[in-house]
$ cat upload-v1.pdb   # PDB, C-alpha atoms
MODEL        1
ATOM      1  CA  MET D   1     -21.947   1.516  14.351
ATOM      2  CA  SER D   2     -22.796   1.658  18.042
ATOM      3  CA  MET D   3     -19.743   1.728  20.291
ATOM      4  CA  SER D   4     -19.759   1.595  24.053
ATOM      5  CA  GLN D   5     -17.752   4.189  25.886
ATOM      6  CA  THR D   6     -14.767   2.960  27.824
ATOM      7  CA  GLN D   7     -12.202   4.309  30.184
ATOM      8  CA  SER D   8      -8.490   3.785  30.090
ATOM      9  CA  ARG D   9      -6.752   1.453  32.503
ATOM     10  CA  SER D  10      -5.418   4.412  34.388
ATOM     11  CA  GLY D  11      -8.962   5.664  34.863
ATOM     12  CA  THR D  12      -8.390   8.771  32.742
ATOM     13  CA  GLU D  13     -10.696   8.906  29.774
ATOM     14  CA  ILE D  14      -8.754   9.361  26.553
ATOM     15  CA  PRO D  15     -10.794  10.462  23.551
ATOM     16  CA  ASN D  16      -9.678   7.888  21.002
ATOM     17  CA  GLY D  17     -12.430   8.632  18.476
ATOM     18  CA  ALA D  18     -10.128  10.353  15.979
ATOM     19  CA  GLY D  19      -7.719   7.396  16.095
ATOM     20  CA  ALA D  20     -10.568   4.913  15.781
ATOM     21  CA  ALA D  21     -11.857   6.785  12.722
ATOM     22  CA  ALA D  22      -8.394   6.661  11.115
ATOM     23  CA  ILE D  23      -8.029   2.930  11.852
ATOM     24  CA  LEU D  24     -11.451   1.857  10.576
ATOM     25  CA  SER D  25     -11.246   4.065   7.478
ATOM     26  CA  ALA D  26      -7.851   2.526   6.616
ATOM     27  CA  GLY D  27      -9.535  -0.881   6.837
ATOM     28  CA  ILE D  28     -12.391   0.358   4.649
ATOM     29  CA  GLY D  29      -9.969   1.728   2.041
ATOM     30  CA  CYS D  30      -8.085  -1.581   1.916
ATOM     31  CA  GLY D  31     -11.310  -3.597   1.775
ATOM     32  CA  VAL D  32     -12.773  -1.495  -1.050
ATOM     33  CA  LEU D  33      -9.523  -1.876  -2.981
ATOM     34  CA  GLY D  34      -9.668  -5.660  -2.655
ATOM     35  CA  ILE D  35     -13.348  -5.927  -3.550
ATOM     36  CA  LEU D  36     -13.035  -3.650  -6.596
ATOM     37  CA  ALA D  37      -9.906  -5.447  -7.809
ATOM     38  CA  PHE D  38     -11.826  -8.717  -7.562
ATOM     39  CA  ALA D  39     -14.935  -7.282  -9.249
ATOM     40  CA  GLY D  40     -12.901  -5.693 -12.044
ATOM     41  CA  ASP D  41     -11.256  -9.029 -12.745
ATOM     42  CA  ALA D  42     -14.483 -11.037 -12.513
ATOM     43  CA  SER D  43     -16.618  -8.808 -14.734
ATOM     44  CA  ASP D  44     -15.585  -7.268 -18.049
ATOM     45  CA  ALA D  45     -18.263  -4.599 -17.663
ATOM     46  CA  ILE D  46     -16.991  -3.542 -14.227
ATOM     47  CA  GLY D  47     -13.412  -3.743 -15.458
ATOM     48  CA  LYS D  48     -14.204  -1.380 -18.335
ATOM     49  CA  ALA D  49     -16.178   0.962 -16.057
ATOM     50  CA  LEU D  50     -13.137   1.205 -13.768
ATOM     51  CA  ASN D  51     -10.820   2.060 -16.656
ATOM     52  CA  PHE D  52     -10.489   5.771 -15.875
ATOM     53  CA  TYR D  53      -7.077   6.175 -17.460
ATOM     54  CA  ASN D  54      -6.410   3.858 -20.367
ATOM     55  CA  PRO D  55      -2.609   3.463 -20.030
ATOM     56  CA  THR D  56      -3.094   2.176 -16.471
ATOM     57  CA  GLY D  57      -6.379   0.381 -17.185
ATOM     58  CA  THR D  58      -8.719  -0.964 -14.511
ATOM     59  CA  LEU D  59      -6.129  -0.355 -11.805
ATOM     60  CA  SER D  60      -6.750   3.401 -12.130
ATOM     61  CA  GLY D  61     -10.425   3.116 -11.177
ATOM     62  CA  VAL D  62      -9.809   0.514  -8.489
ATOM     63  CA  THR D  63      -7.260   2.685  -6.700
ATOM     64  CA  ASP D  64      -9.123   5.975  -7.256
ATOM     65  CA  PHE D  65     -12.283   4.540  -5.712
ATOM     66  CA  ALA D  66     -10.328   2.937  -2.858
ATOM     67  CA  ILE D  67      -8.663   6.267  -2.013
ATOM     68  CA  LEU D  68     -12.034   8.016  -2.247
ATOM     69  CA  ALA D  69     -13.651   5.440   0.060
ATOM     70  CA  TRP D  70     -10.733   5.670   2.498
ATOM     71  CA  LEU D  71     -10.612   9.471   2.700
ATOM     72  CA  GLY D  72     -14.393   9.860   2.548
ATOM     73  CA  SER D  73     -15.021   7.382   5.352
ATOM     74  CA  TRP D  74     -12.188   8.925   7.388
ATOM     75  CA  PHE D  75     -13.780  12.371   7.042
ATOM     76  CA  VAL D  76     -17.251  11.133   8.021
ATOM     77  CA  LEU D  77     -16.110   8.898  10.891
ATOM     78  CA  ASN D  78     -13.815  11.595  12.233
ATOM     79  CA  ARG D  79     -16.719  14.036  12.378
ATOM     80  CA  LEU D  80     -18.874  11.454  14.120
ATOM     81  CA  TRP D  81     -16.327  10.143  16.617
ATOM     82  CA  ARG D  82     -13.963  13.074  17.265
ATOM     83  CA  GLY D  83     -13.778  13.811  20.967
ATOM     84  CA  ARG D  84     -15.464  10.533  21.922
ATOM     85  CA  THR D  85     -13.972   7.491  23.589
ATOM     86  CA  LEU D  86     -14.925   4.237  21.914
ATOM     87  CA  SER D  87     -14.375   0.566  22.508
ATOM     88  CA  MET D  88     -11.613  -0.379  20.088
ATOM     89  CA  VAL D  89     -12.284  -4.128  20.038
ATOM     90  CA  ARG D  90     -14.965  -4.168  17.352
ATOM     91  CA  ILE D  91     -13.275  -1.394  15.392
ATOM     92  CA  ASN D  92     -10.037  -3.377  15.337
ATOM     93  CA  LEU D  93     -11.837  -6.584  14.399
ATOM     94  CA  ALA D  94     -13.614  -4.877  11.488
ATOM     95  CA  SER D  95     -10.425  -3.124  10.349
ATOM     96  CA  PHE D  96      -8.282  -6.266  10.443
ATOM     97  CA  ALA D  97     -11.022  -8.308   8.751
ATOM     98  CA  LEU D  98     -11.128  -5.819   5.863
ATOM     99  CA  LEU D  99      -7.325  -5.731   5.680
ATOM    100  CA  ILE D 100      -7.050  -9.534   5.570
ATOM    101  CA  LEU D 101      -9.871  -9.683   3.014
ATOM    102  CA  ALA D 102      -7.902  -7.272   0.818
ATOM    103  CA  PHE D 103      -4.748  -9.402   1.027
ATOM    104  CA  LEU D 104      -6.601 -12.614   0.221
ATOM    105  CA  ILE D 105      -8.986 -11.412  -2.457
ATOM    106  CA  THR D 106      -6.226  -9.691  -4.447
ATOM    107  CA  PHE D 107      -4.143 -12.901  -4.457
ATOM    108  CA  PRO D 108      -4.864 -14.279  -7.949
ATOM    109  CA  PRO D 109      -5.125 -18.026  -7.073
ATOM    110  CA  ILE D 110      -7.772 -17.215  -4.445
ATOM    111  CA  ALA D 111      -9.579 -14.741  -6.707
ATOM    112  CA  ASP D 112      -9.581 -17.294  -9.543
ATOM    113  CA  PHE D 113     -10.899 -19.982  -7.195
ATOM    114  CA  LEU D 114     -13.739 -17.735  -6.016
ATOM    115  CA  GLN D 115     -14.585 -16.906  -9.626
ATOM    116  CA  GLY D 116     -14.609 -20.595 -10.533
ATOM    117  CA  LYS D 117     -11.785 -20.223 -13.064
TER     118      LYS D 117
ATOM    119  CA  MET I   1      27.540   4.772 -19.163
ATOM    120  CA  GLU I   2      24.004   5.148 -20.480
ATOM    121  CA  ILE I   3      20.530   4.579 -19.170
ATOM    122  CA  SER I   4      17.161   4.830 -20.863
ATOM    123  CA  THR I   5      14.451   7.075 -19.431
ATOM    124  CA  ARG I   6      12.272   4.001 -18.768
ATOM    125  CA  ASP I   7      15.101   2.255 -16.944
ATOM    126  CA  LEU I   8      15.697   5.391 -14.906
ATOM    127  CA  TRP I   9      12.031   5.637 -13.874
ATOM    128  CA  THR I  10      11.949   1.935 -13.043
ATOM    129  CA  VAL I  11      15.006   2.345 -10.829
ATOM    130  CA  LEU I  12      13.503   5.430  -9.183
ATOM    131  CA  HIS I  13      10.229   3.577  -8.568
ATOM    132  CA  GLY I  14      11.785   0.395  -7.232
ATOM    133  CA  MET I  15      15.014   1.496  -5.614
ATOM    134  CA  GLY I  16      14.610   5.211  -5.077
ATOM    135  CA  PHE I  17      11.179   5.084  -3.476
ATOM    136  CA  GLY I  18      10.187   1.461  -2.857
ATOM    137  CA  ALA I  19      13.403   0.054  -1.447
ATOM    138  CA  LEU I  20      13.996   3.126   0.687
ATOM    139  CA  PHE I  21      10.466   2.789   2.064
ATOM    140  CA  MET I  22      11.100  -0.911   2.743
ATOM    141  CA  LEU I  23      14.399  -0.177   4.483
ATOM    142  CA  ALA I  24      12.721   2.378   6.707
ATOM    143  CA  PHE I  25      10.409  -0.264   8.169
ATOM    144  CA  SER I  26      13.023  -1.752  10.459
ATOM    145  CA  GLY I  27      13.492   1.581  12.226
ATOM    146  CA  ALA I  28       9.784   2.404  12.255
ATOM    147  CA  LEU I  29       8.683  -0.956  13.640
ATOM    148  CA  ALA I  30      11.384  -0.909  16.315
ATOM    149  CA  GLU I  31      10.502   2.635  17.333
ATOM    150  CA  LEU I  32       6.738   1.986  17.333
ATOM    151  CA  TYR I  33       7.278  -1.083  19.489
ATOM    152  CA  ARG I  34       9.622   0.775  21.832
ATOM    153  CA  LEU I  35       7.177   3.665  22.108
ATOM    154  CA  SER I  36       4.354   1.415  23.213
ATOM    155  CA  ALA I  37       6.215  -1.359  25.026
ATOM    156  CA  PRO I  38       5.645  -1.950  28.718
ATOM    157  CA  GLY I  39       8.208  -0.015  30.738
ATOM    158  CA  ALA I  40       8.717   2.705  28.129
ATOM    159  CA  PRO I  41       9.173   6.227  29.537
ATOM    160  CA  PRO I  42       5.757   7.862  30.027
ATOM    161  CA  GLN I  43       6.681  10.772  27.777
ATOM    162  CA  ALA I  44       9.217  10.802  24.967
ATOM    163  CA  SER I  45      11.407  13.876  24.694
ATOM    164  CA  SER I  46      10.377  16.587  22.273
ATOM    165  CA  ARG I  47      13.404  15.827  20.098
ATOM    166  CA  GLU I  48      12.549  12.109  19.970
ATOM    167  CA  GLN I  49       8.960  12.884  19.040
ATOM    168  CA  THR I  50       9.999  15.294  16.288
ATOM    169  CA  LEU I  51      12.414  12.740  14.870
ATOM    170  CA  LEU I  52       9.774   9.983  14.880
ATOM    171  CA  HIS I  53       7.209  12.271  13.237
ATOM    172  CA  PHE I  54       9.677  13.291  10.538
ATOM    173  CA  TYR I  55      10.597   9.642   9.974
ATOM    174  CA  LEU I  56       6.970   8.522   9.649
ATOM    175  CA  VAL I  57       6.014  11.421   7.344
ATOM    176  CA  ALA I  58       9.011  10.608   5.134
ATOM    177  CA  MET I  59       7.840   6.976   4.978
ATOM    178  CA  VAL I  60       4.320   8.034   4.007
ATOM    179  CA  ILE I  61       5.650  10.278   1.227
ATOM    180  CA  LEU I  62       7.918   7.500  -0.060
ATOM    181  CA  ALA I  63       5.020   5.022   0.005
ATOM    182  CA  TRP I  64       2.746   7.265  -2.054
ATOM    183  CA  PHE I  65       5.538   8.163  -4.498
ATOM    184  CA  THR I  66       6.203   4.449  -4.949
ATOM    185  CA  VAL I  67       2.649   3.458  -5.841
ATOM    186  CA  PHE I  68       1.872   6.498  -7.995
ATOM    187  CA  SER I  69       5.125   6.277  -9.969
ATOM    188  CA  GLY I  70       4.520   2.546 -10.394
ATOM    189  CA  ALA I  71       0.887   2.765 -11.481
ATOM    190  CA  TYR I  72       1.040   5.861 -13.650
ATOM    191  CA  ILE I  73       4.570   5.889 -15.079
ATOM    192  CA  VAL I  74       6.095   2.385 -15.145
ATOM    193  CA  TYR I  75       2.977   0.200 -15.352
ATOM    194  CA  PRO I  76       1.696   1.745 -18.634
ATOM    195  CA  TRP I  77       5.018   0.810 -20.267
ATOM    196  CA  TYR I  78       4.770  -2.679 -18.794
ATOM    197  CA  ARG I  79       1.247  -3.321 -20.113
ATOM    198  CA  ALA I  80       1.612  -1.571 -23.483
ATOM    199  CA  VAL I  81      -0.003  -3.543 -26.309
ATOM    200  CA  PRO I  82       2.330  -4.306 -29.226
ATOM    201  CA  PRO I  83       1.178  -3.407 -32.752
ATOM    202  CA  ALA I  84      -0.228  -6.259 -34.822
ATOM    203  CA  GLY I  85       2.494  -8.368 -36.396
ATOM    204  CA  THR I  86       5.100  -7.619 -33.734
ATOM    205  CA  THR I  87       7.298 -10.625 -33.074
ATOM    206  CA  ASP I  88       9.929  -9.029 -30.842
ATOM    207  CA  PHE I  89       8.268  -8.340 -27.495
ATOM    208  CA  ALA I  90      11.372  -6.933 -25.775
ATOM    209  CA  GLU I  91       9.654  -3.561 -25.277
ATOM    210  CA  TYR I  92       6.324  -5.122 -24.244
ATOM    211  CA  PRO I  93       7.041  -6.891 -20.925
ATOM    212  CA  ARG I  94       3.500  -8.118 -20.225
ATOM    213  CA  ARG I  95       3.187  -9.628 -23.683
ATOM    214  CA  LEU I  96       6.676 -11.095 -23.398
ATOM    215  CA  LEU I  97       5.800 -12.893 -20.161
ATOM    216  CA  LEU I  98       2.486 -14.175 -21.522
ATOM    217  CA  SER I  99       4.136 -15.508 -24.684
ATOM    218  CA  SER I 100       5.523 -18.537 -22.830
ATOM    219  CA  GLY I 101       4.028 -20.949 -20.322
ATOM    220  CA  LYS I 102       7.363 -20.819 -18.490
ATOM    221  CA  THR I 103       6.927 -17.139 -17.656
ATOM    222  CA  SER I 104       3.200 -16.394 -17.920
ATOM    223  CA  GLU I 105       2.518 -16.882 -14.195
ATOM    224  CA  TRP I 106       5.001 -14.135 -13.373
ATOM    225  CA  HIS I 107       2.344 -11.875 -14.842
ATOM    226  CA  ASN I 108      -0.822 -13.798 -13.924
ATOM    227  CA  VAL I 109       0.168 -14.198 -10.270
ATOM    228  CA  GLY I 110       3.112 -11.863  -9.667
ATOM    229  CA  MET I 111       2.072  -8.663 -11.388
ATOM    230  CA  GLU I 112      -1.666  -9.173 -10.813
ATOM    231  CA  TRP I 113      -1.068  -9.401  -7.036
ATOM    232  CA  LYS I 114       1.689  -6.801  -6.874
ATOM    233  CA  GLU I 115      -0.251  -4.084  -8.698
ATOM    234  CA  HIS I 116      -3.061  -4.230  -6.128
ATOM    235  CA  VAL I 117      -1.483  -5.315  -2.845
ATOM    236  CA  ALA I 118       1.132  -2.543  -3.051
ATOM    237  CA  TRP I 119      -1.604   0.068  -2.506
ATOM    238  CA  LEU I 120      -2.409  -1.335   0.938
ATOM    239  CA  ALA I 121       0.959  -0.079   2.200
ATOM    240  CA  PRO I 122       0.492   3.705   1.792
ATOM    241  CA  ILE I 123      -3.075   3.591   3.128
ATOM    242  CA  ALA I 124      -1.975   1.581   6.179
ATOM    243  CA  MET I 125       1.179   3.619   6.724
ATOM    244  CA  THR I 126      -0.674   6.944   6.519
ATOM    245  CA  MET I 127      -2.986   5.728   9.277
ATOM    246  CA  VAL I 128      -0.031   4.503  11.362
ATOM    247  CA  ALA I 129       1.720   7.871  11.026
ATOM    248  CA  TYR I 130      -1.417   9.875  11.815
ATOM    249  CA  VAL I 131      -2.366   7.872  14.901
ATOM    250  CA  THR I 132       1.200   7.790  16.213
ATOM    251  CA  MET I 133       1.659  11.526  15.708
ATOM    252  CA  LYS I 134      -1.690  12.340  17.290
ATOM    253  CA  TYR I 135      -1.504  10.037  20.299
ATOM    254  CA  GLY I 136       2.164   9.237  20.829
ATOM    255  CA  ARG I 137       2.630   7.036  23.869
ATOM    256  CA  ALA I 138      -1.140   7.213  24.550
ATOM    257  CA  ILE I 139      -1.751   4.542  21.875
ATOM    258  CA  VAL I 140      -1.244   2.032  24.704
ATOM    259  CA  ARG I 141      -4.347   3.437  26.445
ATOM    260  CA  PRO I 142      -6.449   1.523  25.603
ATOM    261  CA  ARG I 143      -4.008  -1.081  24.332
ATOM    262  CA  HIS I 144      -6.132  -1.959  21.289
ATOM    263  CA  MET I 145      -5.037   1.178  19.468
ATOM    264  CA  ARG I 146      -1.468  -0.072  19.800
ATOM    265  CA  THR I 147      -2.575  -3.422  18.337
ATOM    266  CA  ALA I 148      -4.058  -1.676  15.297
ATOM    267  CA  VAL I 149      -1.036   0.565  14.764
ATOM    268  CA  LEU I 150       1.488  -2.268  14.996
ATOM    269  CA  GLY I 151      -0.738  -4.649  13.003
ATOM    270  CA  PHE I 152      -1.227  -2.236  10.125
ATOM    271  CA  ALA I 153       2.468  -1.307  10.149
ATOM    272  CA  ILE I 154       3.381  -5.001   9.823
ATOM    273  CA  ALA I 155       0.734  -5.438   7.090
ATOM    274  CA  ALA I 156       2.236  -2.487   5.208
ATOM    275  CA  PHE I 157       5.657  -4.125   5.519
ATOM    276  CA  VAL I 158       4.321  -7.440   4.163
ATOM    277  CA  ALA I 159       2.502  -5.715   1.278
ATOM    278  CA  THR I 160       5.669  -3.812   0.393
ATOM    279  CA  GLY I 161       7.698  -7.003   0.586
ATOM    280  CA  VAL I 162       5.335  -8.852  -1.765
ATOM    281  CA  ALA I 163       5.272  -5.966  -4.238
ATOM    282  CA  GLY I 164       9.018  -5.433  -4.039
ATOM    283  CA  ALA I 165       9.935  -9.090  -4.443
ATOM    284  CA  PHE I 166       7.654  -9.610  -7.437
ATOM    285  CA  GLY I 167       8.839  -6.318  -8.881
ATOM    286  CA  ALA I 168      12.439  -7.500  -8.741
ATOM    287  CA  PHE I 169      11.609 -10.854 -10.350
ATOM    288  CA  LEU I 170       9.435  -9.277 -13.030
ATOM    289  CA  ASN I 171      12.174  -6.828 -13.891
ATOM    290  CA  LYS I 172      14.555  -9.755 -14.220
ATOM    291  CA  TYR I 173      12.397 -11.804 -16.594
ATOM    292  CA  ALA I 174      10.788  -8.948 -18.515
ATOM    293  CA  PRO I 175      12.437  -5.593 -17.857
ATOM    294  CA  VAL I 176      10.786  -2.375 -18.940
ATOM    295  CA  ARG I 177      12.896  -1.185 -21.857
ATOM    296  CA  GLY I 178      12.874   1.700 -24.292
ATOM    297  CA  GLY I 179      12.625   5.443 -24.221
ATOM    298  CA  SER I 180      15.292   7.979 -24.958
ATOM    299  CA  THR I 181      18.853   7.412 -23.853
ATOM    300  CA  ILE I 182      20.556   9.439 -21.168
ATOM    301  CA  VAL I 183      24.342   9.440 -21.316
ATOM    302  CA  LEU I 184      25.638   9.513 -17.750
ATOM    303  CA  MET I 185      29.329   9.223 -18.440
ATOM    304  CA  GLY I 186      31.664   8.676 -21.384
ATOM    305  CA  GLY I 187      33.986   5.683 -21.275
ATOM    306  CA  GLU I 188      37.341   4.673 -22.673
ATOM    307  CA  GLN I 189      37.369   2.478 -25.775
TER     308      GLN I 189
ENDMDL
END
$ encode --input "upload-v1.pdb" --output "structure tokens"
Amino acid sequence: MSMSQTQSRSGTEIPNGAGAAAILSAGIGCGVLGILAFAGDASDAIGKALNFYNPTGTLSGVTDFAILAWLGSWFVLNRLWRGRTLSMVRINLASFALLILAFLITFPPIADFLQGK
Amino acid sequence: MEISTRDLWTVLHGMGFGALFMLAFSGALAELYRLSAPGAPPQASSREQTLLHFYLVAMVILAWFTVFSGAYIVYPWYRAVPPAGTTDFAEYPRRLLLSSGKTSEWHNVGMEWKEHVAWLAPIAMTMVAYVTMKYGRAIVRPRHMRTAVLGFAIAAFVATGVAGAFGAFLNKYAPVRGGSTIVLMGGEQ
């Protein structure tokens, strides 16, 4: 993702890259959780593939992958953006979009509607 | 006074971790807003910063304890499949709810949403704590970092509220029962 460099309102440049990485990766973790929960519900094959721990069922794979995506993307983005100053507008938009997607797509009436149930 | 091990874990999950996490939001949201509000002191005192960091770390720990204890201790009891021929579903809450059209949506909507949406809270709250601890008052420069921190903190609050409310209702209609009995106190006959 290409981000333009910005300066703070006070004129002092604040490297916000580490914060931006944490914010976007949190959005990614939430988004992955929502998408996998939806996919696991929509497809028996995916649901079974995500069943890492039988007593907990598909939820175990959904949450394990979401945590992996969150921490993995945080690690990568932090290495890329640490020490840089980025425009937060698009990062916030992407993060909130993923967060809202997660809320909506995990809500069963919406998930059922999207699956045509 | 007795309690079963499953009841005890359910109480720990819901009240010990979840409710305490939920209660902590009022203080966290107020403090995060105060920290980044226009007119706030440019630098919080060292003691104030330490207190806020401790508070946020405690919230993160509570959030993770809540979801892990829920998913890996209580939820398996909730979704346990009864042996063939079972007619009393008292120890099989999911099956009990699905056995009647009057209660089935508590599972199909309530538990299905709760089990997933709850996990948004610890992810969001970990980010909120990290960014706040790293940047402190500087989250207002540029202001969009403040927007993300407050937005995700509110989202974590909403996710916790949804999970907590459905958890309370589910435990009312189909409580997790069973396990060994712990005698807390003897009573008079």
$ resolve_selection --input "upload-v1.pdb" --expression "the PyMOL selection byres ((chain I) within 8 of (chain D))" --output "number ranges by chain"
I: 71-72, 75-76, 79-80, 108-109, 112-113, 115-117, 119-120, 123-124, 127, 130-131, 134-135, 141-142, 144-145, 148-149
$ resolve_selection --input "upload-v1.pdb" --expression "the PyMOL selection byres ((chain I and resi 106) around 10)" --output "list in words"
Arg94, Leu97, Leu98, Gly101, Lys102, Thr103, Ser104, Glu105, His107, Asn108, Val109, Gly110, Met111, Glu112, Trp113, Phe166, Gly167, Phe169, Leu170, Tyr173 and Ala174 of chain I
$ resolve_selection --input "upload-v1.pdb" --expression "the PyMOL selection byres ((chain I and resi 64) around 9)" --output "ChimeraX atom specification"
/I:17,59-63,65-69,119,121-123
$ atom_distance --input "upload-v1.pdb" --atom1 "CA of Ala84 (chain I)" --atom2 "CA of Ser99 (chain I)"
14.4 Å
$ closest_residue --input "upload-v1.pdb" --among "D:Gly61, D:Gly17, D:Ala94, D:Ile46" --to "Arg79 (chain D)" --atoms "all atoms listed in the file"
D:Gly17
$ atom_distance --input "upload-v1.pdb" --atom1 "CA of Leu12 (chain I)" --atom2 "CA of Gly70 (chain I)"
9.5 Å
